[in-house]
Structure formats: structure tokens, C-alpha cells
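So this one's structure_5.csv, CSV, C-alpha atoms:
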```
chain,number,residue,atom,x,y,z
A,850,MET,CA,-0.5,-13.2,-9.6
A,851,LYS,CA,-1.8,-9.8,-8.4
A,852,LEU,CA,-0.6,-6.7,-10.1
A,853,PHE,CA,-0.5,-4.7,-6.9
A,854,PRO,CA,0.5,-6.2,-3.5
A,855,SER,CA,-1.6,-6.0,-0.4
A,856,LYS,CA,-1.4,-7.5,3.1
A,857,TYR,CA,-4.1,-8.7,5.6
A,858,PHE,CA,-3.7,-9.2,9.3
A,859,THR,CA,-5.8,-10.3,12.3
A,860,ILE,CA,-4.8,-8.2,15.3
A,861,GLU,CA,-5.2,-8.4,19.0
A,862,LEU,CA,-5.1,-5.1,20.9
A,863,LYS,CA,-3.7,-4.5,24.4
A,864,GLU,CA,-6.7,-2.3,25.3
A,865,ASP,CA,-10.3,-2.3,24.2
A,866,ARG,CA,-11.5,-0.8,20.9
A,867,VAL,CA,-12.8,2.5,22.4
A,868,ALA,CA,-9.5,3.3,24.1
A,869,THR,CA,-7.5,2.3,21.1
A,870,LEU,CA,-9.5,4.4,18.6
A,871,LYS,CA,-9.3,7.3,21.0
A,872,GLU,CA,-5.5,7.1,21.0
A,873,LEU,CA,-5.5,6.8,17.2
A,874,LYS,CA,-7.7,9.9,16.8
A,875,ARG,CA,-5.3,11.8,19.0
A,876,ASN,CA,-2.5,10.9,16.7
A,877,THR,CA,-4.4,11.4,13.4
A,878,LYS,CA,-5.1,14.5,11.4
A,879,LEU,CA,-8.7,13.9,10.7
A,880,THR,CA,-9.8,14.5,7.1
A,881,ASP,CA,-11.7,12.8,4.3
A,882,ASN,CA,-8.8,13.2,1.9
A,883,LEU,CA,-6.0,10.7,2.0
A,884,ILE,CA,-3.3,13.0,0.7
A,885,SER,CA,0.0,13.9,2.3
A,886,SER,CA,0.3,17.2,4.1
A,887,TYR,CA,2.5,18.7,6.7
A,888,THR,CA,1.3,17.9,10.2
A,889,ASP,CA,2.6,17.1,13.6
A,890,LYS,CA,0.4,14.0,13.8
A,891,LYS,CA,1.6,10.4,12.9
A,892,PHE,CA,-1.3,9.7,10.5
A,893,ILE,CA,-3.8,11.4,8.2
A,894,GLY,CA,-7.3,10.0,7.5
A,895,LYS,CA,-10.6,8.9,9.0
A,896,VAL,CA,-11.2,7.3,12.4
A,897,ASN,CA,-14.8,6.3,13.4
A,898,ASP,CA,-16.4,4.2,16.1
A,899,SER,CA,-15.5,0.8,14.6
A,900,GLY,CA,-12.4,1.4,12.5
A,901,PHE,CA,-10.1,3.6,10.5
A,902,LYS,CA,-8.8,4.4,7.0
A,903,ILE,CA,-5.5,6.2,7.3
A,904,ILE,CA,-2.1,6.9,5.6
A,905,SER,CA,1.2,7.7,7.3
A,906,SER,CA,1.9,11.4,7.5
A,907,GLU,CA,5.4,11.1,6.1
A,908,ILE,CA,5.6,13.6,3.2
A,909,GLY,CA,6.3,11.9,-0.2
A,910,ARG,CA,6.1,8.2,0.6
A,911,GLY,CA,3.5,8.1,3.4
A,912,ALA,CA,0.5,8.1,1.1
A,913,VAL,CA,1.7,5.0,-0.9
A,914,CYS,CA,0.0,2.6,1.5
A,915,ILE,CA,-3.5,2.9,2.9
A,916,PHE,CA,-4.1,1.2,6.3
A,917,THR,CA,-7.8,0.1,6.8
A,918,GLY,CA,-8.9,-1.5,10.0
A,919,GLU,CA,-12.1,-2.8,11.5
A,920,LEU,CA,-12.1,-3.4,15.2
A,921,GLN,CA,-14.4,-5.4,17.5
A,922,ASP,CA,-13.7,-5.3,21.3
A,923,SER,CA,-10.0,-6.2,21.5
A,924,LEU,CA,-9.7,-8.0,18.1
A,925,GLY,CA,-9.7,-6.6,14.6
A,926,GLU,CA,-8.7,-6.9,11.0
A,927,LEU,CA,-6.1,-4.8,9.2
A,928,GLU,CA,-5.6,-4.4,5.5
A,929,ILE,CA,-2.7,-2.6,3.9
A,930,ARG,CA,-2.9,-1.8,0.2
A,931,ILE,CA,-1.5,0.6,-2.3
A,932,HIS,CA,-3.3,4.0,-2.6
A,933,ASN,CA,-5.3,4.3,-5.9
A,934,ALA,CA,-3.3,7.4,-7.0
A,935,PHE,CA,-0.2,5.4,-6.8
A,936,LYS,CA,-1.8,2.5,-8.6
A,937,VAL,CA,-2.4,4.9,-11.5
A,938,MET,CA,1.2,6.0,-11.5
A,939,PHE,CA,2.5,2.5,-11.2
A,940,SER,CA,0.2,1.4,-14.1
A,941,ILE,CA,1.6,4.1,-16.3
A,942,LEU,CA,5.1,3.0,-15.4
A,943,LEU,CA,4.1,-0.6,-16.2
A,944,SER,CA,2.8,0.4,-19.6
A,945,TYR,CA,6.2,1.7,-20.8
A,946,PRO,CA,7.5,-1.7,-21.9
A,947,LEU,CA,4.3,-2.3,-23.9
A,948,ILE,CA,4.6,1.1,-25.5
A,949,GLY,CA,8.3,0.4,-26.3
A,950,PHE,CA,7.3,-2.9,-28.0
A,951,GLY,CA,4.7,-1.0,-30.0
A,952,LEU,CA,7.1,1.7,-31.1
A,953,ILE,CA,9.7,-0.8,-32.1
A,954,ALA,CA,7.1,-2.8,-34.0
A,955,CYS,CA,5.9,0.3,-35.9
A,956,ASN,CA,9.4,1.7,-36.7
A,957,GLN,CA,11.4,-1.4,-37.3
A,958,GLY,CA,8.9,-4.1,-38.0
A,959,PHE,CA,7.4,-6.9,-36.0
A,960,GLU,CA,10.3,-9.3,-36.6
A,961,LYS,CA,12.8,-6.8,-35.0
A,962,ALA,CA,10.3,-6.2,-32.1
A,963,ILE,CA,10.1,-9.9,-31.3
A,964,LYS,CA,13.9,-9.8,-30.7
A,965,PHE,CA,13.4,-7.1,-28.0
A,966,LEU,CA,10.5,-9.0,-26.4
A,967,PRO,CA,12.7,-10.8,-23.7
A,968,ILE,CA,14.3,-7.5,-22.7
A,969,LEU,CA,10.9,-5.8,-22.5
A,970,ILE,CA,9.5,-8.6,-20.4
A,971,ILE,CA,12.4,-8.5,-18.0
A,972,PHE,CA,11.9,-4.7,-17.7
A,973,LEU,CA,8.2,-5.3,-17.0
A,974,LEU,CA,9.0,-7.9,-14.3
A,975,PHE,CA,11.7,-5.6,-12.8
A,976,ILE,CA,9.2,-2.8,-12.4
A,977,ARG,CA,6.6,-5.1,-10.8
A,978,PHE,CA,8.7,-7.3,-8.5
A,979,VAL,CA,11.6,-4.9,-7.7
A,980,PHE,CA,10.2,-1.4,-7.9
A,981,ILE,CA,6.6,-1.8,-6.8
A,982,GLU,CA,7.0,-4.8,-4.4
A,983,LEU,CA,10.0,-3.4,-2.6
A,984,SER,CA,8.4,0.1,-2.3
A,985,PHE,CA,5.3,-1.5,-0.9
A,986,ARG,CA,7.2,-3.7,1.6
A,987,PHE,CA,9.4,-0.9,3.0
A,988,ILE,CA,6.7,1.7,3.2
A,989,SER,CA,4.1,-0.7,4.6
A,990,LYS,CA,6.6,-1.9,7.2
A,991,THR,CA,7.4,1.6,8.4
A,992,GLY,CA,3.8,2.5,8.6
A,993,LEU,CA,2.9,-0.7,10.3
A,994,ASN,CA,5.5,-0.2,13.0
A,995,LYS,CA,4.2,3.2,13.7
A,996,LEU,CA,0.6,1.9,13.7
A,997,THR,CA,1.6,-1.0,16.1
A,998,LYS,CA,3.0,1.4,18.6
A,999,THR,CA,0.0,3.8,18.4
A,1000,LEU,CA,-2.7,1.2,18.6
A,1001,GLY,CA,-1.0,-1.0,21.1
A,1002,ILE,CA,-1.2,-4.2,19.1
A,1003,LYS,CA,-0.4,-7.2,21.3
A,1004,THR,CA,-0.3,-9.9,18.6
A,1005,MET,CA,-0.6,-9.8,14.8
A,1006,HIS,CA,-1.3,-12.8,12.5
A,1007,ASN,CA,-0.6,-12.5,8.8
A,1008,ASN,CA,-3.6,-13.7,6.8
A,1009,GLY,CA,-1.6,-13.8,3.6
A,1010,ASN,CA,-2.2,-11.8,0.5
A,1011,ARG,CA,-5.7,-12.9,-0.3
A,1012,CYS,CA,-7.0,-11.8,-3.7
A,1013,THR,CA,-9.5,-9.0,-3.9
A,1014,SER,CA,-10.8,-6.8,-6.6
A,1015,HIS,CA,-8.5,-3.9,-5.6
```
Rewritten as C-alpha cells:
Amino acid sequence: MKLFPSKYFTIELKEDRVATLKELKRNTKLTDNLISSYTDKKFIGKVNDSGFKIISSEIGRGAVCIFTGELQDSLGELEIRIHNAFKVMFSILLSYPLIGFGLIACNQGFEKAIKFLPILIIFLLFIRFVFIELSFRFISKTGLNKLTKTLGIKTMHNNGNRCTSH
């Protein structure tokens, strides 16, 4: 099981790579920093001759997912993953049940802490599978819909959630 979700797609474009990337550049506030800021563009990030690394421009939640794409002619690969800054925040949130277990063990003894272990595990699973997973699914779907319209994606095949070192 991976701690942070990600998605991988193989995409087919309606137009060629050059026209697609030109349209994406037109709709992207070009910057090296993947942080949210007010803009009239749909995306924020980098677009080069062979691909892109962008976030949605929606303030607050747009930066949760990073969209990375590599294009060749009218085919390409798309990766959606959680931004590193949000990985840190989610990791801190995931550490709360462990800190709670340690505090209970120190204050009330290890035997009492063992009684709270099922509740702490349920809380940990709730954070991972409800809070993080649902956030990722909704935000990535919103960004992916916007990206599909902008890039002119004809077909998209899900390559699953292959494991990486991210």
C-alpha cells in the first residue's frame, strides 16, 4: 500500500504535440514555482517542448495535485501526484495518532495505551483512506477535466497506480 495516491495515464491527443503544448502555454501562467497565486490562466507551472509540470490555478486546492506530462507526436504519458508541500502536511496529520498513542503510554501507562490502539488505528486509516484519498480523487478529477479540455485529449487509458518512490 502506498501512503500517498497517484495516477498514471497514457493519452492520445486530437492534435500534434506542438499545437497542444502551444495551447497549454497560452492557458498557463509560466513559472518555476508550483504555488497557488491569483491569475486569469487555468494552470500554473512549466511547459517545455516535450512536456509540462503544472498545477491547477484554483486558489487553495489547486496546488494539491501536480500534473506531469511527457508528449511524443500525438501520444503521451500523464502522471498525477500529490504536491510535496501537501505530502508534508498530510504526514504531520498522519503522525497525530502515533503522537496520541505515545502521550497515552507516557501518562497512563502502556497497558492503558494498548486499549486505545484500535481507536488510534481507525483514526489513522480514516485520515489516509477518507481524508487524503477523497481529497486527491476530487481535486485530481477537477484538474484532469480542465486539462482534458485544454489539451484536447482524444482518449485516455488508466495505467493504474504503479508504485514509485514519490
Exercise. Which polymer residues have any atom within 8 Å of an atom of segment 890-892 of chain A, counting all atoms listed in the file, with same-chain residues fewer than 4 positions away left out, as a list of chain:residue names?
Worked result: A:Asn876, A:Thr877, A:Lys878, A:Ile903, A:Ile904, A:Ser905, A:Ser906, A:Glu907, A:Lys995
Problem set entry | 10 Å contact set for segment 941-947 of chain A, all atoms listed in the file, chain neighbours under 5 positions out, as a list in words |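 Surrounding residues, per the criterion: Leu852, Phe935, Lys936, Leu952, Ile953, Leu966, Ile968, Leu969, Ile970, Ile971, Phe972, Leu973, Leu974, Phe975, Ile976, Arg977 and Ile981 of chain A.
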Using only C-alpha atoms, what table do you get, as JSON lines, when you list each residue of segment 896-1008 of chain A with an atom no more than 12 Å from segment 880-886 of chain A, its nearest pair of atoms, and their distance in Å rounded to one decimal, rows by chain then rising number?
```
{"residue": "A:Val896", "atom": "CA", "partner": "A:Thr880", "partner_atom": "CA", "distance": 9.0}
{"residue": "A:Asn897", "atom": "CA", "partner": "A:Thr880", "partner_atom": "CA", "distance": 11.5}
{"residue": "A:Phe901", "atom": "CA", "partner": "A:Asp881", "partner_atom": "CA", "distance": 11.2}
{"residue": "A:Lys902", "atom": "CA", "partner": "A:Leu883", "partner_atom": "CA", "distance": 8.5}
{"residue": "A:Ile903", "atom": "CA", "partner": "A:Leu883", "partner_atom": "CA", "distance": 7.0}
{"residue": "A:Ile904", "atom": "CA", "partner": "A:Leu883", "partner_atom": "CA", "distance": 6.5}
{"residue": "A:Ser905", "atom": "CA", "partner": "A:Ser885", "partner_atom": "CA", "distance": 8.1}
{"residue": "A:Ser906", "atom": "CA", "partner": "A:Ser885", "partner_atom": "CA", "distance": 6.1}
{"residue": "A:Glu907", "atom": "CA", "partner": "A:Ser885", "partner_atom": "CA", "distance": 7.2}
{"residue": "A:Ile908", "atom": "CA", "partner": "A:Ser885", "partner_atom": "CA", "distance": 5.7}
{"residue": "A:Gly909", "atom": "CA", "partner": "A:Ser885", "partner_atom": "CA", "distance": 7.1}
{"residue": "A:Arg910", "atom": "CA", "partner": "A:Ser885", "partner_atom": "CA", "distance": 8.5}
{"residue": "A:Gly911", "atom": "CA", "partner": "A:Ser885", "partner_atom": "CA", "distance": 6.9}
{"residue": "A:Ala912", "atom": "CA", "partner": "A:Ser885", "partner_atom": "CA", "distance": 5.9}
{"residue": "A:Val913", "atom": "CA", "partner": "A:Ile884", "partner_atom": "CA", "distance": 9.6}
{"residue": "A:Cys914", "atom": "CA", "partner": "A:Leu883", "partner_atom": "CA", "distance": 10.1}
{"residue": "A:Ile915", "atom": "CA", "partner": "A:Leu883", "partner_atom": "CA", "distance": 8.2}
{"residue": "A:Phe916", "atom": "CA", "partner": "A:Leu883", "partner_atom": "CA", "distance": 10.6}
{"residue": "A:Thr917", "atom": "CA", "partner": "A:Leu883", "partner_atom": "CA", "distance": 11.8}
{"residue": "A:Ile931", "atom": "CA", "partner": "A:Leu883", "partner_atom": "CA", "distance": 11.9}
{"residue": "A:His932", "atom": "CA", "partner": "A:Leu883", "partner_atom": "CA", "distance": 8.6}
{"residue": "A:Asn933", "atom": "CA", "partner": "A:Leu883", "partner_atom": "CA", "distance": 10.2}
{"residue": "A:Ala934", "atom": "CA", "partner": "A:Ile884", "partner_atom": "CA", "distance": 9.5}
{"residue": "A:Phe935", "atom": "CA", "partner": "A:Ile884", "partner_atom": "CA", "distance": 11.1}
```
Is there a way to get, as an mmCIF file with C-alpha atoms, in the frame of the given file, all residues within 6 Å of the point (-3.7, -4.3, -0.3) in file coordinates, counting only C-alpha atoms?
```
data_model
loop_
_atom_site.group_PDB
_atom_site.id
_atom_site.type_symbol
_atom_site.label_atom_id
_atom_site.label_comp_id
_atom_site.auth_asym_id
_atom_site.auth_seq_id
_atom_site.Cartn_x
_atom_site.Cartn_y
_atom_site.Cartn_z
ATOM 1 C CA PRO A 854 0.500 -6.200 -3.500
ATOM 2 C CA SER A 855 -1.600 -6.000 -0.400
ATOM 3 C CA LYS A 856 -1.400 -7.500 3.100
ATOM 4 C CA ILE A 929 -2.700 -2.600 3.900
ATOM 5 C CA ARG A 930 -2.900 -1.800 0.200
ATOM 6 C CA ILE A 931 -1.500 0.600 -2.300
#
```
Exercise. Using only C-alpha atoms, which of A:Gly958, A:Gly925, A:Gly1001, A:Gly949 sits nearest Leu873 of chain A?
Worked result: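 So, comparing all the options, the nearest one is A:Gly1001.
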Exercise. Which of these, A:Leu996, A:Tyr857, A:Val867, A:Phe985, has the shortest distance to Ile893 of chain A once you count only C-alpha atoms?
Worked result: A:Leu996
Give me the residues of segment 877-993 of chain A that have any atom at most 12 Å from an atom of segment 1005-1008 of chain A; for each, the nearest atom pair and the distance in Å, rounded to one decimal. Use all atoms listed in the file, sort by chain and number, and format it as a tab-separated table.
```
residue	atom	partner	partner_atom	distance
A:Leu924	CA	A:Met1005	CA	9.8
A:Gly925	CA	A:Met1005	CA	9.6
A:Glu926	CA	A:Met1005	CA	9.4
A:Leu927	CA	A:Met1005	CA	9.3
A:Glu928	CA	A:Asn1008	CA	9.6
A:Ile929	CA	A:Asn1007	CA	11.2
A:Leu993	CA	A:Met1005	CA	10.7
```
Exercise. From the list A:Leu920, A:Ile963, A:Val937, A:Leu983, which residue is nearest Ile860 of chain A when using only C-alpha atoms?
Worked result: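 Once distances to Ile860 of chain A are computed over only C-alpha atoms, the minimum belongs to A:Leu920.
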For this session: Could you jot down the atom CA of Leu879 of chain A to atom CA of Gln921 of chain A separation for me, Å, one decimal place?
Result: 21.2 Å
Exercise. Could you work out how far atom CA of Glu919 of chain A lies from atom CA of Arg866 of chain A, giving the answer in Å with one decimal?
Worked result: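 Distance between the two atoms: 9.6 Å.
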For this session: Provide the atom CA of Thr859 of chain A to atom CA of Phe980 of chain A distance in Å, to one decimal place.
Result: 27.3 Å
For this session: Identify, on the basis of only C-alpha atoms, every residue whose closest approach to Glu861 of chain A does not exceed 6 Å; exclude the query and any residue fewer than 6 positions from it along the same chain; express the result as a PyMOL selection string.
Result: chain A and resi 923-924+1002-1004
